[in-house]
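Heads up, the thing below is written out as structure tokens.
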Amino acid sequence: MEQTLRDAVQNALNELGVPETEFVIEWPADLAHGDFATNAALACAKVLGRSPREIAEELVEKLQTTLGDSVKHIEAAGPGFVNITLAHRTITKQVEGATVKDWGTHTYNTGKSVMIEYSNPNPFKEIHIGHLMSNVVGEALSRVLEASGARVVRDTFGGDVGPHVAKALWALKKNNVTDIGNAGEIGKAYIQGSNAYEASKEAKEEIDALNTRIYDIVATQLAPETLSEEDREILNLWRKGREVSMEEFARIFSILGTRFDYIFYDSDTTEGGISVVRDGVTSGVFEQSEGAIIYRGEKKGLHTLVFITSRGTPTYETKDIGLAFLKEERCSTDEVIIITAIEQVGHFEVVLAALEEIAPQLAKKMTHVPHGLLRLTTGKMSSRKGNIITASELLADMVRSATEKNADPLVAEQVAVAAVKYMILRQAPGGDIVFDPEKSLSLEGDSGPYLQYALVRAKSVIAQSSVSADTSDAPEEPYTLERLIIRFPEIIRKAERLRAPHLITQYVTQLAGEWNSFYAKERIRDGAHEAYKIAVATAFVRTMEQGLHFLGIPVPEKM
RNA sequence: GCUCCUGUAGUGAAAUGGAUAUCACAACAGUCUUCGGAACUGUCGUUCCAGGUUCGAGUCCUGGCGGGAGCACCA
């Protein structure tokens with residue numbers, strides 16, 4: 001519809017002899033103004049040297065002729081807007097289309113493939129609510145990309161080698177742990193190791209040495225016969241630790257509704273990364289400095305960062321270089337998106353700048369999409385200091401409060417996940433969320449459960465009505481609910497284009513609110529125009545189901 | 001110190017350069033022997049400061065003030 005209007009306005013402008021002008025077709029803030037509005041008259045008033053209001057009047061006439069009875073009303077308003085109100089028949093036709101299975105999806109990205117990296121919890125550390133944020137944003141963006149027709153490959157990247165691993169393993173060894181029971185145990189060991197690293201010079205040396213040794217054993221994959229007894233112990237503990245961490249991550253991913261096609265580890269990327277970076281020294285991309293290998297970011301207005309430490313171990317930067325090549329090798333896609341917290345923008349600018357010199361074709365298709373931080377009222381979370389809320393704790397708490405109204409554990413979990421995801425997806429990505437467990441996770445008002453509740457209630461009414469949907473039973477005036485429903489496909493397109501899932505969240509919130517008003521005001525079962533109302537309710541249900549699906553928010557049958 | 005991000009009701013947020021700046025929470029006042037009250041209706045209340053660009057600025061530009069993040073061997 002929007003395209004039809006755009007063409008009609010463009011034709012009218014051509015007839016008026018307007019040179020090429022940018023104009024918008026938009027939704028007026030107030031539906032009373034109409035279903036669509038255009039600023040075309042305002043936009044071209046200056047070049048024509050005429051009053052915008054006058055041009056608007058002429059546009060109205062021309063549009064009336066072109067659009068005929070598909071519109072109910074066209075008028076010039078305000079400083080020179082043209083407001084368009086659709087005929088109810090036009091709206092009804094689109095409401096009928098809202099019940100199809102793929103409602104809201106598009107094909108403009110069909111044939112395109114995108115690899116998207118998110119969540120990225122590190123084995124040997126606990127998965128906390130910060131990772132939850134990345135996971136929720138990443139999953140929503142993945143689904144929105146799928147809605148545009150693209151093929152999406154999901155991956156997550158975890159640091160299974162590096163100082164944090166050495167700290168955790170060091171503490172586990174100190175405590176004579178040979179078998180690790182659960183992820184919490186590793187989290188505690190990591191904190192213990194970190195504290196020792198800060199406090200004792202001796203511990204620091206031991207941990208640094210262990211770190212290097214772990215690289216040698218697992219990342220460069222030394223031949224088994226060259227391993228000492230102690231090395232084998234380290235290897236076993238490391239294997240077990242990674243396994244326990246990953247089992248916990250898998251459990252959380254499953255609750256959140258994410259399945260990764262690829263799980264990459266640091267240990268897969270270090271060797272490749274190191275060799276690329278060392279080659280880069282020869283070709284002059286990187287340079288030696290104080291025993292380390294660095295990239296001089298200053299030449300591109302960025303910071304200098306270390307890629308290989310003076311101890312010979314690779315940093316995160318080198319691992320990301322290695323990962324870029326590894327992704328290309330395992331599963332080449334048209335585009336590569338990496339979602340991380342916003343504090344890493346500097347890091348990725350440098351990595352991308354370096355990669356551009358080494359492999360421009362890889363750098364070109366790679367985009368870093370940052371999201372804001374989830375901070376606690378008590379300050380920044382740090383798993384090193386132990387002041388974190390783990391994903392597991394948060395979800396368990398939420399499930400507990402959702403259980404008050406839902407005996408069914410599955411439904412309680414769906415409600416809990418909806419509340420958590422809504423908190424994150426309600427706002428534009430990039431902004432921080434100050435997380436207050438008491439206030440942030442509402443089950444009322446603007447909230448995940450509010451959406452679920454409206455949907456469940458609509459389904460219930462439809463099930464109870466003995467009448468089947470029939471759009472020939474339409475009342476004279478369209479319901480506001482219908483006028484919102486037909487906007488859905490365009491909302492999904494915008495969310496994908498702008499990489500802004502919160503547009504969907506806002507829309508479904510408005511839609512659910514409108515449903516609740518409709519429900520309070522209009523008697524559906526045994527009321528006037530029941531068949532038509534059932535048709536609208538059915539379209540509402542489908543729109544909500546699809547909207548929640550694209551956000552990754554679960555849809556309960558009952559609640 | 002340098003670089004980047006940010007400043008909207010009491011609180012948390014929204015607003016491709018458009019009309020009377022939305023939404024929720026909180027507070028206050030109502031609806032209701034419910035087609036499922038996790039609901040609905042109403043009241044209250046907001047663009048950090050000073051310039052500039054524009055027919056039009058919360059949005060763009062300049063300067064100030066406040067908050068946050070990053071800045072060589074962490075990820």
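Just remember, in the structure tokens the first chain shown is A, the second B, etc., residues are 1-based per chain, and ligands are 1-based in the order shown.
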Problem - Residue neighbourhood Ala495 (chain A), 12 Å, only C-alpha atoms (C1' of nucleotides), exclusion window fewer than 3 positions, as a ChimeraX atom specification - result: /A:104-105,140-148,425,428-429,488-492,498-507,547,550-551 /B:16
Exercise for the section: Identify every residue of chain A that has at least one atom within 7 Å of any atom of chain B, counting only C-alpha atoms (C1' of nucleotides), and report the result as a ChimeraX atom specification. Expected result: /A:78,292,303-306,309-310,316,343,346,427,443-446,449-450,453,457,461,516-517,520,524-525
Problem - Close residues, region 43-54 of chain B itself excluded, 10 Å, only C-alpha atoms (C1' of nucleotides), min 3 positions apart in chain, as a list of chain:residue names - result: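 Within the cut-off, the hits are B:G7, B:U8, B:A9, B:G10, B:G17, B:A21, B:A27, B:C28, B:A29, B:A57, B:G58, B:C60, B:C61, B:U62, B:G63, B:G64, B:C65, B:G66.
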Selected residues written out with C-alpha atoms (C1' of nucleotides), as a PDB file, in the first residue's frame:
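The resulting result-v2.pdb:
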ATOM      1  C1'   G B   7      21.675  13.909  28.521  1.00  0.00           C
ATOM      2  C1'   U B   8      13.502  13.661  27.269  1.00  0.00           C
ATOM      3  C1'   A B   9       7.806  13.891  33.288  1.00  0.00           C
ATOM      4  C1'   G B  10       9.495  11.621  40.216  1.00  0.00           C
ATOM      5  C1'   G B  17      13.995  16.593  10.320  1.00  0.00           C
ATOM      6  C1'   A B  21       6.619  15.034  22.129  1.00  0.00           C
ATOM      7  C1'   A B  27       0.821   9.000  42.654  1.00  0.00           C
ATOM      8  C1'   C B  28      -4.401  10.209  42.534  1.00  0.00           C
ATOM      9  C1'   A B  29      -9.656   9.173  40.848  1.00  0.00           C
ATOM     10  C1'   A B  57      14.797  20.858  15.555  1.00  0.00           C
ATOM     11  C1'   G B  58      14.205  16.237  21.169  1.00  0.00           C
ATOM     12  C1'   C B  60      21.468  18.213  12.336  1.00  0.00           C
ATOM     13  C1'   C B  61      25.973  21.900  13.324  1.00  0.00           C
ATOM     14  C1'   U B  62      29.232  24.927  16.964  1.00  0.00           C
ATOM     15  C1'   G B  63      30.389  25.993  22.030  1.00  0.00           C
ATOM     16  C1'   G B  64      29.537  25.041  27.258  1.00  0.00           C
ATOM     17  C1'   C B  65      27.965  21.952  31.560  1.00  0.00           C
ATOM     18  C1'   G B  66      26.752  16.871  33.500  1.00  0.00           C
TER      19        G B  66
END
Problem - Coordinates-based distance that separates CA of Gly184 (chain A) from CA of Asn120 (chain A) (Å, one decimal) - result: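 Rounded to one decimal, the two atoms are 17.9 Å apart.
Non-sequential neighbours of Phe81 (chain A) (distance at most 8 Å, separation of 3 or more positions within a chain, only C-alpha atoms (C1' of nucleotides)) are Ala37, Thr38, Asn39, Ala40, Ala41, Leu42, Arg53, Ala56, Ala76, Ala77 and Gly78 of chain A.
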Pull C-alpha atoms from the residues just selected and write them as a PDB file, in the first residue's frame.
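Contents of selection-v9.pdb, freshly written:
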ATOM      1  CA  ALA A  37       0.454  11.156   5.407  1.00  0.00           C
ATOM      2  CA  THR A  38       2.977  12.743   3.083  1.00  0.00           C
ATOM      3  CA  ASN A  39       5.078  15.856   3.417  1.00  0.00           C
ATOM      4  CA  ALA A  40       5.502  16.107  -0.386  1.00  0.00           C
ATOM      5  CA  ALA A  41       3.933  19.560  -0.608  1.00  0.00           C
ATOM      6  CA  LEU A  42       6.173  20.929   2.133  1.00  0.00           C
ATOM      7  CA  ARG A  53      -0.791  24.573   1.518  1.00  0.00           C
ATOM      8  CA  ALA A  56      -1.151  20.249  -0.934  1.00  0.00           C
ATOM      9  CA  ALA A  76      -4.632  18.904   3.171  1.00  0.00           C
ATOM     10  CA  ALA A  77      -3.829  19.639   6.777  1.00  0.00           C
ATOM     11  CA  GLY A  78      -1.591  21.643   9.058  1.00  0.00           C
TER      12      GLY A  78
END
Practice task
Determine, counting only C-alpha atoms (C1' of nucleotides), which protein, DNA and RNA residues have an atom within 9 Å of an atom of Pro28 (chain A); residues of the same chain fewer than 3 positions away are not included. Present the result as a list in words.
Solution key: Leu31, Ala32, His33, Gly34, Asp35, Phe36, Ala37, Thr38 and Asn83 of chain A; A19 of chain B
Practice task
Please report, as JSON, numbers by chain, each residue of region 351-382 of chain A to which DSSP assigns strand (DSSP E) when run on this structure's backbone.
Solution key: {"A": [366, 367, 368, 369, 370, 371, 374, 375, 376]}
Prev. selection, C-alpha atoms, output as a CSV table (one decimal), in the first residue's frame:
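Wrote it out as part.csv, contents follow:
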chain,number,residue,atom,x,y,z
A,366,MET,CA,32.1,-7.9,8.4
A,367,THR,CA,30.0,-5.6,10.6
A,368,HIS,CA,30.2,-5.1,14.4
A,369,VAL,CA,26.9,-4.3,16.0
A,370,PRO,CA,27.2,-3.1,19.6
A,371,HIS,CA,24.6,-3.4,22.2
A,374,LEU,CA,23.3,-4.4,31.5
A,375,ARG,CA,24.6,-2.8,34.6
A,376,LEU,CA,23.6,-3.3,38.2
Determine which residues of region 249-447 of chain A DSSP labels as alpha helix (DSSP H) from the backbone of this structure, then write them out as a CSV table (one decimal) with N, CA and C atoms, in the first residue's frame.
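Result written to out-v8.csv:
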chain,number,residue,atom,x,y,z
A,249,PHE,N,25.9,-23.7,29.4
A,249,PHE,CA,25.5,-22.7,28.4
A,249,PHE,C,24.3,-23.3,27.5
A,250,ALA,N,24.5,-24.6,27.2
A,250,ALA,CA,23.5,-25.2,26.3
A,250,ALA,C,22.1,-25.2,27.0
A,251,ARG,N,22.1,-25.4,28.3
A,251,ARG,CA,20.9,-25.3,29.1
A,251,ARG,C,20.2,-24.0,29.0
A,252,ILE,N,21.0,-22.9,29.2
A,252,ILE,CA,20.5,-21.5,29.1
A,252,ILE,C,20.0,-21.2,27.7
A,253,PHE,N,20.8,-21.6,26.7
A,253,PHE,CA,20.4,-21.3,25.3
A,253,PHE,C,19.1,-21.9,25.0
A,254,SER,N,18.9,-23.1,25.5
A,254,SER,CA,17.7,-23.8,25.2
A,254,SER,C,16.5,-23.1,25.8
A,255,ILE,N,16.7,-22.7,27.1
A,255,ILE,CA,15.6,-21.9,27.7
A,255,ILE,C,15.3,-20.7,26.9
A,256,LEU,N,16.3,-20.0,26.4
A,256,LEU,CA,16.1,-18.8,25.7
A,256,LEU,C,15.7,-19.0,24.2
A,266,ASP,N,38.3,-20.2,21.2
A,266,ASP,CA,39.7,-19.6,21.0
A,266,ASP,C,40.7,-20.6,20.5
A,267,SER,N,40.6,-21.8,21.1
A,267,SER,CA,41.7,-22.8,20.8
A,267,SER,C,41.6,-23.2,19.3
A,268,ASP,N,40.5,-22.9,18.6
A,268,ASP,CA,40.4,-23.2,17.2
A,268,ASP,C,41.0,-22.1,16.4
A,269,THR,N,41.1,-20.9,17.0
A,269,THR,CA,41.5,-19.7,16.2
A,269,THR,C,42.9,-19.2,16.4
A,270,THR,N,43.5,-19.7,17.5
A,270,THR,CA,44.8,-19.1,17.9
A,270,THR,C,45.9,-19.4,16.9
A,271,GLU,N,46.0,-20.7,16.5
A,271,GLU,CA,47.1,-21.0,15.6
A,271,GLU,C,47.0,-20.2,14.3
A,272,GLY,N,45.8,-20.2,13.7
A,272,GLY,CA,45.6,-19.5,12.4
A,272,GLY,C,45.8,-18.0,12.6
A,273,GLY,N,45.3,-17.5,13.7
A,273,GLY,CA,45.5,-16.1,14.0
A,273,GLY,C,46.9,-15.7,14.1
A,274,ILE,N,47.7,-16.5,14.9
A,274,ILE,CA,49.1,-16.2,15.1
A,274,ILE,C,49.9,-16.2,13.8
A,275,SER,N,49.6,-17.2,13.0
A,275,SER,CA,50.3,-17.3,11.7
A,275,SER,C,50.0,-16.1,10.8
A,276,VAL,N,48.7,-15.7,10.8
A,276,VAL,CA,48.4,-14.5,10.0
A,276,VAL,C,49.1,-13.3,10.5
A,277,VAL,N,49.1,-13.1,11.8
A,277,VAL,CA,49.7,-11.9,12.4
A,277,VAL,C,51.2,-11.9,12.1
A,278,ARG,N,51.8,-13.1,12.3
A,278,ARG,CA,53.3,-13.2,12.1
A,278,ARG,C,53.6,-12.8,10.6
A,279,ASP,N,52.8,-13.3,9.7
A,279,ASP,CA,53.0,-13.0,8.3
A,279,ASP,C,52.8,-11.5,8.1
A,280,GLY,N,51.9,-10.9,8.9
A,280,GLY,CA,51.7,-9.5,8.8
A,280,GLY,C,52.8,-8.7,9.2
A,281,VAL,N,53.7,-9.2,10.1
A,281,VAL,CA,54.9,-8.5,10.5
A,281,VAL,C,55.8,-8.3,9.3
A,282,THR,N,55.9,-9.5,8.6
A,282,THR,CA,56.8,-9.5,7.4
A,282,THR,C,56.3,-8.4,6.4
A,316,TYR,N,43.0,-11.3,22.4
A,316,TYR,CA,41.7,-11.4,21.8
A,316,TYR,C,41.7,-10.9,20.3
A,317,GLU,N,42.5,-9.9,20.1
A,317,GLU,CA,42.6,-9.3,18.7
A,317,GLU,C,43.0,-10.3,17.7
A,318,THR,N,44.1,-11.1,18.0
A,318,THR,CA,44.6,-12.1,17.1
A,318,THR,C,43.5,-13.2,17.0
A,319,LYS,N,42.9,-13.5,18.1
A,319,LYS,CA,41.9,-14.6,18.0
A,319,LYS,C,40.7,-14.2,17.0
A,320,ASP,N,40.4,-12.9,17.1
A,320,ASP,CA,39.3,-12.5,16.2
A,320,ASP,C,39.7,-12.5,14.7
A,321,ILE,N,41.0,-12.2,14.5
A,321,ILE,CA,41.5,-12.3,13.1
A,321,ILE,C,41.5,-13.8,12.7
A,322,GLY,N,41.9,-14.6,13.6
A,322,GLY,CA,41.9,-16.1,13.2
A,322,GLY,C,40.5,-16.5,13.0
A,323,LEU,N,39.5,-16.0,13.8
A,323,LEU,CA,38.1,-16.4,13.7
A,323,LEU,C,37.6,-16.0,12.3
A,324,ALA,N,37.9,-14.8,11.9
A,324,ALA,CA,37.4,-14.3,10.6
A,324,ALA,C,37.8,-15.3,9.5
A,325,PHE,N,39.0,-15.8,9.5
A,325,PHE,CA,39.5,-16.7,8.5
A,325,PHE,C,38.8,-18.1,8.7
A,326,LEU,N,38.6,-18.5,9.9
A,326,LEU,CA,38.0,-19.8,10.2
A,326,LEU,C,36.6,-19.8,9.8
A,327,LYS,N,35.8,-18.7,10.0
A,327,LYS,CA,34.5,-18.6,9.5
A,327,LYS,C,34.4,-18.8,8.0
A,328,GLU,N,35.3,-18.1,7.3
A,328,GLU,CA,35.3,-18.1,5.9
A,328,GLU,C,35.5,-19.5,5.4
A,329,GLU,N,36.4,-20.2,6.1
A,329,GLU,CA,36.7,-21.6,5.7
A,329,GLU,C,35.6,-22.6,6.0
A,330,ARG,N,35.0,-22.5,7.1
A,330,ARG,CA,33.9,-23.4,7.5
A,330,ARG,C,32.6,-23.1,6.8
A,345,VAL,N,33.7,-1.5,20.9
A,345,VAL,CA,33.8,-0.9,19.6
A,345,VAL,C,35.2,-0.6,19.2
A,346,GLY,N,36.0,-0.1,20.2
A,346,GLY,CA,37.4,0.3,19.9
A,346,GLY,C,38.2,-0.9,19.4
A,347,HIS,N,38.0,-2.0,20.1
A,347,HIS,CA,38.6,-3.3,19.8
A,347,HIS,C,38.3,-3.7,18.3
A,348,PHE,N,37.0,-3.6,18.0
A,348,PHE,CA,36.7,-4.1,16.6
A,348,PHE,C,37.1,-3.1,15.5
A,349,GLU,N,37.2,-1.8,15.9
A,349,GLU,CA,37.7,-0.9,14.9
A,349,GLU,C,39.1,-1.2,14.5
A,350,VAL,N,39.9,-1.5,15.5
A,350,VAL,CA,41.3,-1.9,15.3
A,350,VAL,C,41.4,-3.2,14.5
A,351,VAL,N,40.6,-4.2,15.0
A,351,VAL,CA,40.7,-5.5,14.3
A,351,VAL,C,40.3,-5.4,12.9
A,352,LEU,N,39.2,-4.6,12.6
A,352,LEU,CA,38.8,-4.4,11.2
A,352,LEU,C,39.8,-3.7,10.4
A,353,ALA,N,40.4,-2.7,11.0
A,353,ALA,CA,41.4,-1.9,10.3
A,353,ALA,C,42.6,-2.8,9.9
A,354,ALA,N,43.0,-3.7,10.8
A,354,ALA,CA,44.1,-4.6,10.5
A,354,ALA,C,43.7,-5.6,9.5
A,355,LEU,N,42.5,-6.1,9.6
A,355,LEU,CA,42.0,-7.1,8.7
A,355,LEU,C,41.9,-6.5,7.3
A,356,GLU,N,41.5,-5.3,7.2
A,356,GLU,CA,41.4,-4.6,5.9
A,356,GLU,C,42.7,-4.6,5.1
A,357,GLU,N,43.8,-4.6,5.9
A,357,GLU,CA,45.1,-4.6,5.2
A,357,GLU,C,45.5,-6.0,4.8
A,358,ILE,N,45.0,-7.0,5.6
A,358,ILE,CA,45.4,-8.3,5.4
A,358,ILE,C,44.5,-9.0,4.3
A,360,PRO,N,41.1,-7.7,2.7
A,360,PRO,CA,40.0,-6.7,2.5
A,360,PRO,C,38.7,-7.3,2.2
A,361,GLN,N,38.7,-8.5,1.5
A,361,GLN,CA,37.4,-9.1,1.1
A,361,GLN,C,36.7,-9.6,2.4
A,362,LEU,N,37.4,-10.0,3.4
A,362,LEU,CA,36.8,-10.5,4.6
A,362,LEU,C,36.4,-9.3,5.5
A,363,ALA,N,37.2,-8.2,5.5
A,363,ALA,CA,36.9,-7.1,6.3
A,363,ALA,C,35.6,-6.4,5.8
A,364,LYS,N,35.5,-6.4,4.5
A,364,LYS,CA,34.4,-5.7,3.8
A,364,LYS,C,33.0,-6.2,4.2
A,391,ALA,N,23.1,-15.9,34.7
A,391,ALA,CA,21.8,-16.1,33.9
A,391,ALA,C,20.9,-17.1,34.6
A,392,SER,N,21.6,-18.1,35.2
A,392,SER,CA,20.8,-19.1,35.8
A,392,SER,C,20.0,-18.6,37.0
A,393,GLU,N,20.7,-17.8,37.9
A,393,GLU,CA,20.0,-17.2,39.0
A,393,GLU,C,18.8,-16.3,38.6
A,394,LEU,N,19.1,-15.5,37.6
A,394,LEU,CA,18.0,-14.6,37.2
A,394,LEU,C,16.8,-15.3,36.7
A,395,LEU,N,17.1,-16.3,35.8
A,395,LEU,CA,16.0,-17.1,35.2
A,395,LEU,C,15.2,-17.8,36.3
A,396,ALA,N,15.9,-18.4,37.3
A,396,ALA,CA,15.3,-19.1,38.3
A,396,ALA,C,14.4,-18.2,39.2
A,397,ASP,N,14.9,-17.0,39.5
A,397,ASP,CA,14.1,-16.0,40.2
A,397,ASP,C,12.8,-15.7,39.5
A,398,MET,N,13.0,-15.4,38.2
A,398,MET,CA,11.8,-15.0,37.4
A,398,MET,C,10.8,-16.2,37.3
A,399,VAL,N,11.3,-17.4,37.1
A,399,VAL,CA,10.4,-18.5,37.0
A,399,VAL,C,9.6,-18.6,38.4
A,400,ARG,N,10.3,-18.4,39.5
A,400,ARG,CA,9.7,-18.5,40.8
A,400,ARG,C,8.5,-17.5,40.9
A,401,SER,N,8.8,-16.2,40.4
A,401,SER,CA,7.7,-15.2,40.6
A,401,SER,C,6.5,-15.5,39.6
A,402,ALA,N,6.9,-16.1,38.4
A,402,ALA,CA,5.9,-16.4,37.4
A,402,ALA,C,5.0,-17.6,37.9
A,403,THR,N,5.6,-18.4,38.7
A,403,THR,CA,4.9,-19.6,39.2
A,403,THR,C,3.7,-19.2,40.1
A,409,PRO,N,4.8,-25.6,35.0
A,409,PRO,CA,6.2,-25.1,35.0
A,409,PRO,C,6.6,-24.6,33.6
A,410,LEU,N,6.1,-25.2,32.5
A,410,LEU,CA,6.5,-24.8,31.2
A,410,LEU,C,6.0,-23.4,31.0
A,411,VAL,N,4.7,-23.1,31.3
A,411,VAL,CA,4.2,-21.8,31.2
A,411,VAL,C,4.9,-20.7,32.0
A,412,ALA,N,5.2,-21.1,33.3
A,412,ALA,CA,6.0,-20.2,34.1
A,412,ALA,C,7.3,-19.8,33.5
A,413,GLU,N,7.9,-20.8,32.9
A,413,GLU,CA,9.2,-20.5,32.2
A,413,GLU,C,9.0,-19.6,31.0
A,414,GLN,N,7.9,-19.8,30.2
A,414,GLN,CA,7.6,-19.0,29.1
A,414,GLN,C,7.4,-17.5,29.5
A,415,VAL,N,6.6,-17.4,30.6
A,415,VAL,CA,6.3,-16.1,31.1
A,415,VAL,C,7.6,-15.4,31.6
A,416,ALA,N,8.5,-16.1,32.3
A,416,ALA,CA,9.7,-15.6,32.8
A,416,ALA,C,10.6,-15.2,31.7
A,417,VAL,N,10.8,-16.0,30.7
A,417,VAL,CA,11.6,-15.6,29.5
A,417,VAL,C,11.1,-14.4,28.8
A,418,ALA,N,9.8,-14.3,28.7
A,418,ALA,CA,9.1,-13.2,28.0
A,418,ALA,C,9.5,-11.9,28.8
A,419,ALA,N,9.4,-12.0,30.1
A,419,ALA,CA,9.7,-10.8,30.9
A,419,ALA,C,11.1,-10.3,30.7
A,420,VAL,N,12.0,-11.3,30.8
A,420,VAL,CA,13.5,-10.9,30.6
A,420,VAL,C,13.7,-10.4,29.2
A,421,LYS,N,13.2,-11.0,28.2
A,421,LYS,CA,13.5,-10.6,26.8
A,421,LYS,C,12.8,-9.2,26.6
A,422,TYR,N,11.6,-9.0,27.1
A,422,TYR,CA,11.0,-7.8,26.9
A,422,TYR,C,11.8,-6.6,27.4
A,423,MET,N,12.3,-6.8,28.6
A,423,MET,CA,13.1,-5.8,29.3
A,423,MET,C,14.2,-5.3,28.4
A,424,ILE,N,14.8,-6.3,27.7
A,424,ILE,CA,16.0,-6.0,26.8
A,424,ILE,C,15.5,-5.4,25.5
A,425,LEU,N,14.5,-6.0,24.9
A,425,LEU,CA,14.1,-5.6,23.5
A,425,LEU,C,13.2,-4.4,23.4
A,437,PRO,N,16.5,-5.7,39.8
A,437,PRO,CA,15.6,-6.9,39.7
A,437,PRO,C,14.2,-6.7,40.2
A,438,GLU,N,14.0,-5.7,41.1
A,438,GLU,CA,12.7,-5.4,41.7
A,438,GLU,C,11.8,-4.8,40.6
A,439,LYS,N,12.4,-3.8,39.9
A,439,LYS,CA,11.6,-3.0,39.0
A,439,LYS,C,11.7,-3.3,37.5
A,440,SER,N,12.8,-3.8,37.1
A,440,SER,CA,13.0,-4.0,35.6
A,440,SER,C,12.1,-5.1,35.1
Problem - Nearest to Lys365 (chain A), chosen from A:Leu48, A:Met115, A:Leu5, A:Gly257, with only C-alpha atoms counted in the distances - result: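 Closest to Lys365 (chain A), using only C-alpha atoms: A:Met115.
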Practice task
Would you kindly return, as a list in words, each protein, DNA or RNA residue with an atom no farther than 9 Å from any atom of Val153 (chain A), considering only C-alpha atoms (C1' of nucleotides) and excluding same-chain residues fewer than 6 positions away?
Solution key: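 Listed by chain and then number, they are Ser113, Val114, Met115, Ile116, Glu117, Ser142, Phe260, Asp261, Tyr262, Cys331 and Thr333 of chain A.
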Practice task
Do a neighbour search on Val71 (chain A) at 9 Å with only C-alpha atoms (C1' of nucleotides), toss out local chain neighbours closer than 6 positions, and write the hits as a ChimeraX atom specification.
Solution key: /A:64,84-90
Write a file of the just-selected residues containing N, CA and C atoms, as a PDB file, in the first residue's frame.
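What ended up in part-v7.pdb:
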ATOM      1  N   GLN A  64      -6.938  11.990  -5.400  1.00  0.00           N
ATOM      2  CA  GLN A  64      -8.303  11.488  -5.357  1.00  0.00           C
ATOM      3  C   GLN A  64      -8.645  10.780  -6.659  1.00  0.00           C
ATOM      4  N   ILE A  84      -4.151  10.840   4.309  1.00  0.00           N
ATOM      5  CA  ILE A  84      -4.920   9.866   3.540  1.00  0.00           C
ATOM      6  C   ILE A  84      -5.571   8.859   4.481  1.00  0.00           C
ATOM      7  N   THR A  85      -6.874   8.764   4.390  1.00  0.00           N
ATOM      8  CA  THR A  85      -7.590   7.767   5.181  1.00  0.00           C
ATOM      9  C   THR A  85      -8.098   6.691   4.248  1.00  0.00           C
ATOM     10  N   LEU A  86      -7.742   5.436   4.521  1.00  0.00           N
ATOM     11  CA  LEU A  86      -8.124   4.338   3.635  1.00  0.00           C
ATOM     12  C   LEU A  86      -9.601   3.998   3.782  1.00  0.00           C
ATOM     13  N   ALA A  87     -10.166   3.492   2.702  1.00  0.00           N
ATOM     14  CA  ALA A  87     -11.533   2.981   2.761  1.00  0.00           C
ATOM     15  C   ALA A  87     -11.520   1.690   3.563  1.00  0.00           C
ATOM     16  N   HIS A  88     -12.631   1.415   4.245  1.00  0.00           N
ATOM     17  CA  HIS A  88     -12.661   0.214   5.080  1.00  0.00           C
ATOM     18  C   HIS A  88     -12.424  -1.050   4.253  1.00  0.00           C
ATOM     19  N   ARG A  89     -12.929  -1.027   3.013  1.00  0.00           N
ATOM     20  CA  ARG A  89     -12.744  -2.204   2.161  1.00  0.00           C
ATOM     21  C   ARG A  89     -11.265  -2.489   1.923  1.00  0.00           C
ATOM     22  N   THR A  90     -10.498  -1.426   1.718  1.00  0.00           N
ATOM     23  CA  THR A  90      -9.059  -1.586   1.497  1.00  0.00           C
ATOM     24  C   THR A  90      -8.406  -2.231   2.719  1.00  0.00           C
TER      25      THR A  90
END
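For the pair CA of Glu496 (chain A) and CA of Arg151 (chain A), the interatomic distance is 13.6 Å.
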Practice task
Would you work out the distance separating CA of Gly241 (chain A) from CA of Gln221 (chain A), expressed in Å to one decimal?
Solution key: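 Between CA of Gly241 (chain A) and CA of Gln221 (chain A) the gap is 17.7 Å.
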